[in-house]
Amino acid sequence: MNVETLTRPDNTAEKKTQEVVFPFPEEAAQEKLSVEDVPVIMEIKNIDKSYSGSSKVLKDISFDIRKGEVLSIIGPSGAGKSTLLRIINRMIEPNSGVIRFQDKDTLNMKGKALRHMRTDIGMIFQHYNLVDRLSVFENVLHGRLGYKSSLQGIFSMYSEAEKEKAVEIISELGISEQIYSRCDELSGGQKQRVGIARALIQDPKIILCDEPIASLDPNSSRIIMEYLRRISREKDITIIVNLHQLDVAKQYSDRIIGLNDGSIVFNDVPEAITAESINHIYGSNLEELIVE
Amino acid sequence: MEKSSSIHATDINIIRKKHMKLFITGLILLALIIVSGSITNYNHIDGLASIPAALQWLFANMYFSGSTLSRLPTVLRLLWETILISIVSTTTAAFFAMIFAIVGSKRTSVNGFLMYFAKLVASISRNIPVVAWALILVLSFGTNAATGFLALFFGTFGFLVRAFIETIDETSGDTVEALKATGATYPQVISKAVIPESMPQMFSWVLFMIETNIRSATLVGLLTGTGIGYLFDLYYKQLNYEMVSLITLAIVVAVLIIEAISNLIRREIL
Amino acid sequence: MSTYVDRSSKGKIKISRPNKGQLKFRMLIIATILFTIAGFFMMDYKGLELWPAITGTLVNLRDMFLMPQLNQITLGSAIWQVIITLSLAFLSTILGAVISLFLAFGAAMNLSKPWVSQTIKTFITIVRAVPTVLWVLIFAIAAGLGSVAAIIGMVFHSIAYLVKAYSEAFEEIDEGKIEALRATGSNYFHILFHVVIPQTKSFLIAWTFLRFEINFGVAVAMGAAAGAGGIGYALFMSSGFYYDMNEVGMITYMILIVAILLEVVANKLKAAA
């Protein structure tokens with residue numbers, strides 16, 4: 001797939017500008033018109049990150065995140081995509097910079113405030129990161145832990161309203177039949193839907209997706225990406241997704257950020273991607289990418 | 001032509017080097033065997049000769065007379081005491097080992113200092129041999145179950161901390177990250193991700209340690225005058241070899257039964 | 001509302017439907033906890049005065065670890081005793097390893113016939129069930145108390161351990177590689193020495209060294225309990241005969257240092273395997 005898009009980027013880029021393929025074309029078109037008016041919900045300014053004893057992973061990263069958009073972060077492996085995503089919910093601490101989320105500086109948060117901030121940001125993972133030995137239902141309810149005291153969490157004291165909500169989300173994602181199945185009995189696509197349900201029940205403003213389809217077959221990948229897009233449209237939740245497939249990023253996002261060697265080299269609508277910008281993003285790693 | 005033959009020659013050189021290395025390693029090992037043999041006054045021929053002699057002796061003493069069999073209840077009582085000590089010391093050690101392992105695993109550790117402290121305590125506790133623990137403890141605790149319990153406890157604790165840390169590292173890295181990202185508190189992450197994921201594997205380690213400890217308990221009993229080890233020592237010194245055989249047989253049967261039960265449990269939970 | 005959801009008698013939604021296995025595991029955990037508590041009451045504490053025992057042990061531990069000192073033996077002879085113990089461990093490991101290697105070929109399912117494998121596995125299960133110290137004492141009846149009985153006894157237990165480890169490593173070899181060599185008409189020994197051993201070499205070394213580490217501890221124990229000599233015997237004498245806690249401390253430190261060094265090496269080899 002990659003090979004094709006990359007070897008004849010001119011054609012595809014041009015085509016995409018003319019006929020943008022969305023699963024829900026009309027809705028999408030309406031959204032498109034108003035993109036500039038959509039409020040910014042998170043500002044990221046001058047983020048630097050280096051791990052001890054190695055060169056900088058992220059260099060002076062700044063960008064805005066708007067409400068309800070689907071934002072893809074693309075780039076070669078090792079570009080810092082994963083680190084960037086985890087800095088947004090502070091699973092990884094940056095060395096310097098500022099992140100403003102809902103008018104608060106998230107980098108100074110501690111303890112309760114930090115956990116409260118994380119309840120507003122859901123996260124899904126390449127390897128789903130579910131507790132394999134627990135039921136789908138229990139895994140989804142884990143998304144509510146951030147709202148509970150330690151004891152309430154430990155003894156699984158979820159309210160009926162929370163459980164009803166979980167059942168609703170589970171059936172929306174089409175996995176109600178598996179609601180009591182142990183997660184290790186599910187297929188990859190089903191596991192990722194449990195991951196999405198766990199993020200949704202947090203009632204988040206943003207969902208971070210770390211390579212959500214990298215372990216899935218093409219069909220499941222399409223279903224997951226369409227769910228993510230629908231979530232952003234219907235629930236007005238911002239989706240930030242790390243991808244290594246350029247064509248998927250182009251098809252599903254409202255905006256693409258290209259990362260190379262820790263710096264942002266592209267930040268625009270998917271239609272604006274050209275052969276040159278692809279070269280910029282993937283740089284000398286182009287050949288590696290094709291081999292992959 | 002010339003080129004290919006030179007490649008051939010280097011190939012042969014590599015093979016020869018490999019053989020040389022193997023040969024030298026063998027030579028060193030052989031030298032070490034001879035040296036350590038002379039250090040310990042070990043005679044290989046005597047060693048080999050002792051095997052058939054001992055086995056013959058063991059089976060020859062397995063036709064138990066009435067007076068030997070009449071002592072079977074005592075044997076079984078002390079065997080039960082030994083099994084009890086083994087199980088209780090293992091499960092108690094497992095409880096504390098779980099706490100230390102959670103603190104000591106880099107995935108769930110609260111801070112670096114505590115992590116290294118937990119690992120250090122565990123390392124000291126497992127690397128002091130069980131016999132040393134037994135000999136130290138018996139001086140104050142005397143010849144009773146508490147000595148055996150504590151000696152096994154310390155050895156088991158250290159071993160299980162290491163095993164549990166490996167289990168946590170293997171099984172729960174990803175889910176810890178996922179639950180932290182939802183804003184869950186530390187106790188919630190431990191109870192909802194780490195424990196459910198690693199519990200079966202940990203229990204399997206506990207079963208393994210119970211099996212091991214029944215054997216170790218025999219040794220500890222021998223040194224501290226408790227349990228089945230004490231009984232063995234008693235009859236061994238009285239040269240009552242029928243009783244020695246009976247006790248050995250009883251231990252073998254007990255260990256085999258416990259292994260069979262463990263395997264059954266493992267099949268259910270893993 | 002969804003028909004897939006279970007509700008309790010009060011109409012509350014259940015968040016899990018434990019299957020048989022999970023229920024059994026829960027019961028098992030509860031049973032274990034109850035047995036442990038009951039076990040504490042069932043143990044025979046006769047003659048135990050808890051408080052003096054604890055304070056006495058603490059005093060002993062202080063004398064040991066804070067004031068270690070050799071009194072009955074010299075440092076040179078203590079080090080020599082450690083070398084003897086290491087030699088005991090080394091000999092029993094290496095002899096055990098050689099025998100185990102051949103037995104493991106027979107025990108590995110993919111290299112052997114089922115009945116051979118089953119026979120060897122049954123044999124080692126029984127050998128393993130007998131505590132090492134009993135093996136040593138049993139051999140001592142034939143060979144007399146001393147290094148011969150100690151080493152043969154330890155060899156027996158090493159075999160029981162290593163055959164299991166080796167044969168499991170062999171069983172994980174890719175069947176295709178064995179097939180490939182078989183197809184070229186290679187005989188059984190070619191397969192063993194050109195595929196099986198090279199493929200598993202680092203595992204074999206790691207397991208063997210791990211057993212060496214274990215055997216060091218066992219050798220200390222045999223010195224103390226079965227007259228095999230070495231540092232274990234010195235430990236036994238200074239605690240049981242001279243009641244010299246300072247010397248016990250010094251000897252414990254020496255054992256501890258060697259054991260930790262061996263563990264570090266064993267971990268390195270295991271990580272590399």
# chains A, B, ... in the order shown; residues from 1 in each chain; ligands from 1
$ interface_residues --of "chain A" --to "chain C" --cutoff "7 Å" --atoms "only C-alpha atoms" --output "compact mmCIF listing (two decimals) with C-alpha atoms, in the first residue's frame"
# COMPACT_ATOMS: atom_id res chain seq x y z
CA SER A 135 -14.17 -9.58 30.84
CA PHE A 137 -17.23 -5.32 30.51
CA GLU A 138 -14.65 -4.98 33.28
CA GLU A 160 -25.66 1.55 37.70
CA LYS A 163 -22.69 0.31 33.87
CA SER A 176 -22.32 -6.79 22.95
CA GLU A 177 -22.26 -10.50 22.27
CA TYR A 180 -18.73 -11.23 29.29
$ residues_around --residues "Ile213 of chain A" --least-positions-apart "5" --cutoff "10 Å" --atoms "only C-alpha atoms" --output "VMD selection string"
chain A and resid 125 to 128 188 to 189 192 218 220 to 225 241 to 245 248
$ select_by_dssp --residues "segment 92-233 of chain C" --states "alpha helix (DSSP H)" --output "MDAnalysis selection string"
chainID C and resid 92:107 114:129 132:143 147:171 175:183 188:191 197:225 231:233
$ closest_atom_pairs --of "chain C" --to "chain B" --cutoff "6 Å" --atoms "only C-alpha atoms" --output "tab-separated table"
residue	atom	partner	partner_atom	distance
C:Thr36	CA	B:Val88	CA	5.1
C:Asp44	CA	B:Ala145	CA	5.6
C:Tyr45	CA	B:Asn144	CA	5.5
C:Ala53	CA	B:Ser140	CA	4.7
C:Gly56	CA	B:Ser140	CA	5.5
C:Thr57	CA	B:Ser140	CA	5.7
C:Ser87	CA	B:Ser36	CA	4.8
C:Ala129	CA	B:Val252	CA	5.1
C:Val130	CA	B:Val252	CA	5.6
C:Pro131	CA	B:Arg215	CA	4.8
C:Phe139	CA	B:Ala54	CA	5.4
C:Ala142	CA	B:Ala54	CA	5.5
C:Ala143	CA	B:Ser50	CA	5.6
C:Ser147	CA	B:Tyr42	CA	5.8
C:Val148	CA	B:Gly47	CA	5.5
C:Gly217	CA	B:Pro129	CA	5.8
C:Ala221	CA	B:Val131	CA	5.6
C:Leu256	CA	B:Ile128	CA	5.6
C:Ala259	CA	B:Asn127	CA	5.7
$ write_last_selection --atoms "C-alpha atoms" --output "mmCIF file, in the first residue's frame"
data_model
loop_
_atom_site.group_PDB
_atom_site.id
_atom_site.type_symbol
_atom_site.label_atom_id
_atom_site.label_comp_id
_atom_site.auth_asym_id
_atom_site.auth_seq_id
_atom_site.Cartn_x
_atom_site.Cartn_y
_atom_site.Cartn_z
ATOM 1 C CA THR C 36 -2.155 -20.972 55.873
ATOM 2 C CA ASP C 44 4.058 -27.776 66.909
ATOM 3 C CA TYR C 45 5.690 -24.971 68.885
ATOM 4 C CA ALA C 53 13.714 -16.271 70.811
ATOM 5 C CA GLY C 56 18.069 -13.727 71.030
ATOM 6 C CA THR C 57 18.050 -14.028 67.258
ATOM 7 C CA SER C 87 35.024 -27.755 43.822
ATOM 8 C CA ALA C 129 11.573 -36.473 44.704
ATOM 9 C CA VAL C 130 14.300 -37.636 47.097
ATOM 10 C CA PRO C 131 15.934 -34.685 48.903
ATOM 11 C CA PHE C 139 25.386 -43.147 49.202
ATOM 12 C CA ALA C 142 28.048 -47.547 50.603
ATOM 13 C CA ALA C 143 30.955 -45.123 50.248
ATOM 14 C CA SER C 147 33.228 -36.166 49.286
ATOM 15 C CA VAL C 148 32.431 -39.286 47.264
ATOM 16 C CA GLY C 217 24.235 -23.678 48.031
ATOM 17 C CA ALA C 221 24.318 -27.612 53.044
ATOM 18 C CA LEU C 256 26.956 -14.503 50.480
ATOM 19 C CA ALA C 259 26.595 -16.717 45.935
#
$ residues_around --residues "Phe65 of chain C" --least-positions-apart "5" --cutoff "12 Å" --atoms "only C-alpha atoms" --output "PDB file with C-alpha atoms, in the first residue's frame"
ATOM      1  CA  ILE B 124      20.530 -11.169  50.611  1.00  0.00           C
ATOM      2  CA  ILE B 136      21.369 -19.311  63.157  1.00  0.00           C
TER       3      ILE B 136
ATOM      4  CA  THR C  57      18.050 -14.028  67.258  1.00  0.00           C
ATOM      5  CA  LEU C  58      18.355 -10.277  66.855  1.00  0.00           C
ATOM      6  CA  VAL C  59      21.361 -10.215  69.174  1.00  0.00           C
ATOM      7  CA  ASN C  60      22.902 -13.078  67.225  1.00  0.00           C
ATOM      8  CA  MET C 245      28.383 -15.790  66.222  1.00  0.00           C
ATOM      9  CA  ASN C 246      31.121 -13.460  64.987  1.00  0.00           C
ATOM     10  CA  GLU C 247      32.675 -16.295  63.051  1.00  0.00           C
ATOM     11  CA  VAL C 248      29.271 -17.445  61.775  1.00  0.00           C
ATOM     12  CA  GLY C 249      28.835 -13.879  60.521  1.00  0.00           C
ATOM     13  CA  MET C 250      32.168 -13.829  58.720  1.00  0.00           C
ATOM     14  CA  ILE C 251      31.515 -17.194  57.090  1.00  0.00           C
ATOM     15  CA  THR C 252      28.000 -16.115  56.081  1.00  0.00           C
ATOM     16  CA  TYR C 253      29.449 -13.018  54.466  1.00  0.00           C
ATOM     17  CA  MET C 254      31.918 -15.148  52.516  1.00  0.00           C
ATOM     18  CA  LEU C 256      26.956 -14.503  50.480  1.00  0.00           C
TER      19      LEU C 256
END
$ closest_residue --among "B:Lys180, B:Arg71, B:Arg267, B:Lys192" --to "Met243 of chain B" --atoms "only C-alpha atoms"
B:Arg71
$ interface_residues --of "chain A" --to "chain B" --cutoff "7 Å" --atoms "only C-alpha atoms" --output "list in words"
Met91, Arg115, His116, Arg118, Thr119, Gly122, Met123, Asn129, Leu130, Val131, Arg133, Gly143, Leu145, Gly146, Ser150, Gly153 and Ile154 of chain A
$ residues_around --residues "segment 66-69 of chain B" --least-positions-apart "2" --cutoff "9 Å" --atoms "only C-alpha atoms" --output "PDB file with N, CA and C atoms, in the first residue's frame"
ATOM      1  N   PHE B  64       9.805 -54.524  54.468  1.00  0.00           N
ATOM      2  CA  PHE B  64       9.691 -53.995  55.813  1.00  0.00           C
ATOM      3  C   PHE B  64       9.176 -55.039  56.784  1.00  0.00           C
ATOM      4  N   ARG B  71       5.781 -48.473  63.038  1.00  0.00           N
ATOM      5  CA  ARG B  71       6.171 -47.072  63.270  1.00  0.00           C
ATOM      6  C   ARG B  71       5.657 -46.142  62.166  1.00  0.00           C
ATOM      7  N   LEU B  72       4.944 -46.719  61.205  1.00  0.00           N
ATOM      8  CA  LEU B  72       4.453 -45.901  60.091  1.00  0.00           C
ATOM      9  C   LEU B  72       3.627 -44.691  60.551  1.00  0.00           C
ATOM     10  N   PRO B  73       2.742 -44.835  61.530  1.00  0.00           N
ATOM     11  CA  PRO B  73       1.983 -43.651  61.977  1.00  0.00           C
ATOM     12  C   PRO B  73       2.889 -42.497  62.409  1.00  0.00           C
ATOM     13  N   GLU B 242      16.121 -50.237  57.715  1.00  0.00           N
ATOM     14  CA  GLU B 242      14.752 -50.456  57.245  1.00  0.00           C
ATOM     15  C   GLU B 242      13.917 -49.195  57.434  1.00  0.00           C
ATOM     16  N   MET B 243      14.083 -48.578  58.591  1.00  0.00           N
ATOM     17  CA  MET B 243      13.353 -47.339  58.840  1.00  0.00           C
ATOM     18  C   MET B 243      13.811 -46.243  57.882  1.00  0.00           C
ATOM     19  N   LEU B 246      12.098 -46.807  54.725  1.00  0.00           N
ATOM     20  CA  LEU B 246      10.673 -46.484  54.839  1.00  0.00           C
ATOM     21  C   LEU B 246      10.454 -44.971  54.773  1.00  0.00           C
TER      22      LEU B 246
END
$ atom_distance --atom1 "atom CA of Leu204 of chain C" --atom2 "atom CA of Ala107 of chain C"
15.0 Å
$ atom_distance --atom1 "atom CA of Asn187 of chain C" --atom2 "atom CA of Lys201 of chain C"
20.2 Å
$ residues_around --residues "Pro198 of chain C" --least-positions-apart "5" --cutoff "12 Å" --atoms "only C-alpha atoms" --output "ChimeraX atom specification"
/C:169-170,173,177,190-193,203-205
$ write_last_selection --atoms "C-alpha atoms" --output "mmCIF file, in the first residue's frame"
data_model
loop_
_atom_site.group_PDB
_atom_site.id
_atom_site.type_symbol
_atom_site.label_atom_id
_atom_site.label_comp_id
_atom_site.auth_asym_id
_atom_site.auth_seq_id
_atom_site.Cartn_x
_atom_site.Cartn_y
_atom_site.Cartn_z
ATOM 1 C CA ALA C 169 15.222 -26.815 25.293
ATOM 2 C CA PHE C 170 15.619 -29.606 22.729
ATOM 3 C CA ILE C 173 13.959 -26.750 18.293
ATOM 4 C CA LYS C 177 15.739 -28.067 10.807
ATOM 5 C CA HIS C 190 24.935 -35.985 12.961
ATOM 6 C CA ILE C 191 21.598 -34.447 13.802
ATOM 7 C CA LEU C 192 22.517 -34.218 17.468
ATOM 8 C CA PHE C 193 25.893 -32.603 16.932
ATOM 9 C CA PHE C 203 20.576 -22.360 26.744
ATOM 10 C CA LEU C 204 22.536 -25.396 27.829
ATOM 11 C CA ILE C 205 25.341 -23.248 29.184
#
$ select_by_dssp --residues "segment 89-150 of chain A" --states "strand (DSSP E or B)" --output "ChimeraX atom specification"
/A:96-101,104-105,121-124,135
$ write_last_selection --atoms "N, CA and C atoms" --output "PDB file, in the first residue's frame"
ATOM      1  N   SER A  96      11.262  20.460  28.491  1.00  0.00           N
ATOM      2  CA  SER A  96      10.815  21.850  28.611  1.00  0.00           C
ATOM      3  C   SER A  96       9.675  22.084  27.643  1.00  0.00           C
ATOM      4  N   GLY A  97       8.998  23.227  27.807  1.00  0.00           N
ATOM      5  CA  GLY A  97       7.871  23.552  26.954  1.00  0.00           C
ATOM      6  C   GLY A  97       6.626  23.813  27.776  1.00  0.00           C
ATOM      7  N   VAL A  98       5.538  24.119  27.072  1.00  0.00           N
ATOM      8  CA  VAL A  98       4.281  24.426  27.746  1.00  0.00           C
ATOM      9  C   VAL A  98       3.156  23.684  27.032  1.00  0.00           C
ATOM     10  N   ILE A  99       2.247  23.111  27.817  1.00  0.00           N
ATOM     11  CA  ILE A  99       1.033  22.563  27.225  1.00  0.00           C
ATOM     12  C   ILE A  99      -0.154  23.172  27.952  1.00  0.00           C
ATOM     13  N   ARG A 100      -1.005  23.880  27.196  1.00  0.00           N
ATOM     14  CA  ARG A 100      -2.224  24.438  27.794  1.00  0.00           C
ATOM     15  C   ARG A 100      -3.414  23.624  27.318  1.00  0.00           C
ATOM     16  N   PHE A 101      -4.178  23.097  28.286  1.00  0.00           N
ATOM     17  CA  PHE A 101      -5.340  22.275  27.955  1.00  0.00           C
ATOM     18  C   PHE A 101      -6.483  22.783  28.806  1.00  0.00           C
ATOM     19  N   LYS A 104      -5.519  25.417  31.307  1.00  0.00           N
ATOM     20  CA  LYS A 104      -4.633  25.097  32.424  1.00  0.00           C
ATOM     21  C   LYS A 104      -3.308  24.599  31.875  1.00  0.00           C
ATOM     22  N   ASP A 105      -2.243  24.881  32.641  1.00  0.00           N
ATOM     23  CA  ASP A 105      -0.926  24.397  32.250  1.00  0.00           C
ATOM     24  C   ASP A 105      -0.765  22.965  32.759  1.00  0.00           C
ATOM     25  N   ILE A 121      -8.553  12.772  28.710  1.00  0.00           N
ATOM     26  CA  ILE A 121      -7.827  12.322  27.518  1.00  0.00           C
ATOM     27  C   ILE A 121      -7.810  10.795  27.505  1.00  0.00           C
ATOM     28  N   GLY A 122      -8.545  10.191  26.578  1.00  0.00           N
ATOM     29  CA  GLY A 122      -8.527   8.726  26.459  1.00  0.00           C
ATOM     30  C   GLY A 122      -7.330   8.296  25.640  1.00  0.00           C
ATOM     31  N   MET A 123      -6.990   7.001  25.745  1.00  0.00           N
ATOM     32  CA  MET A 123      -5.849   6.549  24.952  1.00  0.00           C
ATOM     33  C   MET A 123      -6.081   5.122  24.481  1.00  0.00           C
ATOM     34  N   ILE A 124      -5.774   4.852  23.221  1.00  0.00           N
ATOM     35  CA  ILE A 124      -5.798   3.468  22.738  1.00  0.00           C
ATOM     36  C   ILE A 124      -4.434   3.113  22.137  1.00  0.00           C
ATOM     37  N   SER A 135     -13.146  -9.643  31.885  1.00  0.00           N
ATOM     38  CA  SER A 135     -14.166  -9.583  30.843  1.00  0.00           C
ATOM     39  C   SER A 135     -14.077  -8.259  30.083  1.00  0.00           C
TER      40      SER A 135
END
$ atom_distance --atom1 "atom CA of Gly146 of chain C" --atom2 "atom CA of Gly240 of chain C"
19.4 Å
$ decode --residues "segment 39-109 of chain C" --atoms "C-alpha atoms" --output "mmCIF file, in the first residue's frame"
data_model
loop_
_atom_site.group_PDB
_atom_site.id
_atom_site.type_symbol
_atom_site.label_atom_id
_atom_site.label_comp_id
_atom_site.auth_asym_id
_atom_site.auth_seq_id
_atom_site.Cartn_x
_atom_site.Cartn_y
_atom_site.Cartn_z
ATOM 1 C CA GLY C 39 -1.509 -24.102 59.528
ATOM 2 C CA PHE C 40 -0.113 -21.583 61.984
ATOM 3 C CA PHE C 41 -2.317 -23.085 64.672
ATOM 4 C CA MET C 42 -1.525 -26.670 63.695
ATOM 5 C CA MET C 43 2.250 -26.352 63.925
ATOM 6 C CA ASP C 44 4.058 -27.776 66.909
ATOM 7 C CA TYR C 45 5.690 -24.971 68.885
ATOM 8 C CA LYS C 46 6.553 -26.928 72.000
ATOM 9 C CA GLY C 47 9.287 -25.313 74.036
ATOM 10 C CA LEU C 48 9.114 -22.065 72.105
ATOM 11 C CA GLU C 49 9.235 -18.813 74.037
ATOM 12 C CA LEU C 50 8.631 -16.350 71.300
ATOM 13 C CA TRP C 51 9.951 -13.123 72.786
ATOM 14 C CA PRO C 52 13.317 -14.411 74.079
ATOM 15 C CA ALA C 53 13.714 -16.271 70.811
ATOM 16 C CA ILE C 54 13.233 -13.124 68.764
ATOM 17 C CA THR C 55 15.482 -10.949 70.908
ATOM 18 C CA GLY C 56 18.069 -13.727 71.030
ATOM 19 C CA THR C 57 18.050 -14.028 67.258
ATOM 20 C CA LEU C 58 18.355 -10.277 66.855
ATOM 21 C CA VAL C 59 21.361 -10.215 69.174
ATOM 22 C CA ASN C 60 22.902 -13.078 67.225
ATOM 23 C CA LEU C 61 22.238 -11.326 63.916
ATOM 24 C CA ARG C 62 23.884 -8.172 65.282
ATOM 25 C CA ASP C 63 26.944 -10.149 66.409
ATOM 26 C CA MET C 64 27.081 -11.832 63.038
ATOM 27 C CA PHE C 65 26.620 -9.013 60.621
ATOM 28 C CA LEU C 66 28.023 -6.051 62.512
ATOM 29 C CA MET C 67 30.982 -7.785 64.149
ATOM 30 C CA PRO C 68 32.124 -10.476 61.757
ATOM 31 C CA GLN C 69 35.432 -12.042 62.760
ATOM 32 C CA LEU C 70 37.207 -15.361 62.329
ATOM 33 C CA ASN C 71 38.369 -16.959 65.582
ATOM 34 C CA GLN C 72 38.657 -20.742 65.234
ATOM 35 C CA ILE C 73 40.059 -20.767 61.702
ATOM 36 C CA THR C 74 42.331 -18.457 59.751
ATOM 37 C CA LEU C 75 41.215 -16.437 56.766
ATOM 38 C CA GLY C 76 43.435 -18.544 54.525
ATOM 39 C CA SER C 77 41.842 -21.759 55.635
ATOM 40 C CA ALA C 78 38.357 -20.242 55.384
ATOM 41 C CA ILE C 79 39.047 -19.283 51.770
ATOM 42 C CA TRP C 80 40.412 -22.787 51.169
ATOM 43 C CA GLN C 81 37.149 -24.187 52.572
ATOM 44 C CA VAL C 82 35.183 -22.012 50.135
ATOM 45 C CA ILE C 83 37.332 -23.414 47.310
ATOM 46 C CA ILE C 84 36.576 -26.943 48.476
ATOM 47 C CA THR C 85 32.866 -26.182 48.444
ATOM 48 C CA LEU C 86 33.152 -24.631 44.971
ATOM 49 C CA SER C 87 35.024 -27.755 43.822
ATOM 50 C CA LEU C 88 32.276 -30.002 45.165
ATOM 51 C CA ALA C 89 29.696 -27.928 43.346
ATOM 52 C CA PHE C 90 31.762 -27.860 40.159
ATOM 53 C CA LEU C 91 32.410 -31.585 40.050
ATOM 54 C CA SER C 92 28.821 -32.547 40.687
ATOM 55 C CA THR C 93 27.575 -30.037 38.108
ATOM 56 C CA ILE C 94 29.954 -31.069 35.333
ATOM 57 C CA LEU C 95 29.517 -34.808 35.889
ATOM 58 C CA GLY C 96 25.765 -34.291 36.116
ATOM 59 C CA ALA C 97 25.772 -32.175 32.948
ATOM 60 C CA VAL C 98 27.571 -34.797 30.846
ATOM 61 C CA ILE C 99 25.234 -37.580 31.932
ATOM 62 C CA SER C 100 22.200 -35.316 31.612
ATOM 63 C CA LEU C 101 23.093 -34.387 28.048
ATOM 64 C CA PHE C 102 22.810 -37.998 26.933
ATOM 65 C CA LEU C 103 19.734 -38.698 28.993
ATOM 66 C CA ALA C 104 18.117 -35.517 27.651
ATOM 67 C CA PHE C 105 18.511 -36.746 24.055
ATOM 68 C CA GLY C 106 16.493 -39.750 25.138
ATOM 69 C CA ALA C 107 13.977 -37.671 27.075
ATOM 70 C CA ALA C 108 13.233 -35.098 24.361
ATOM 71 C CA MET C 109 10.042 -36.107 22.551
#
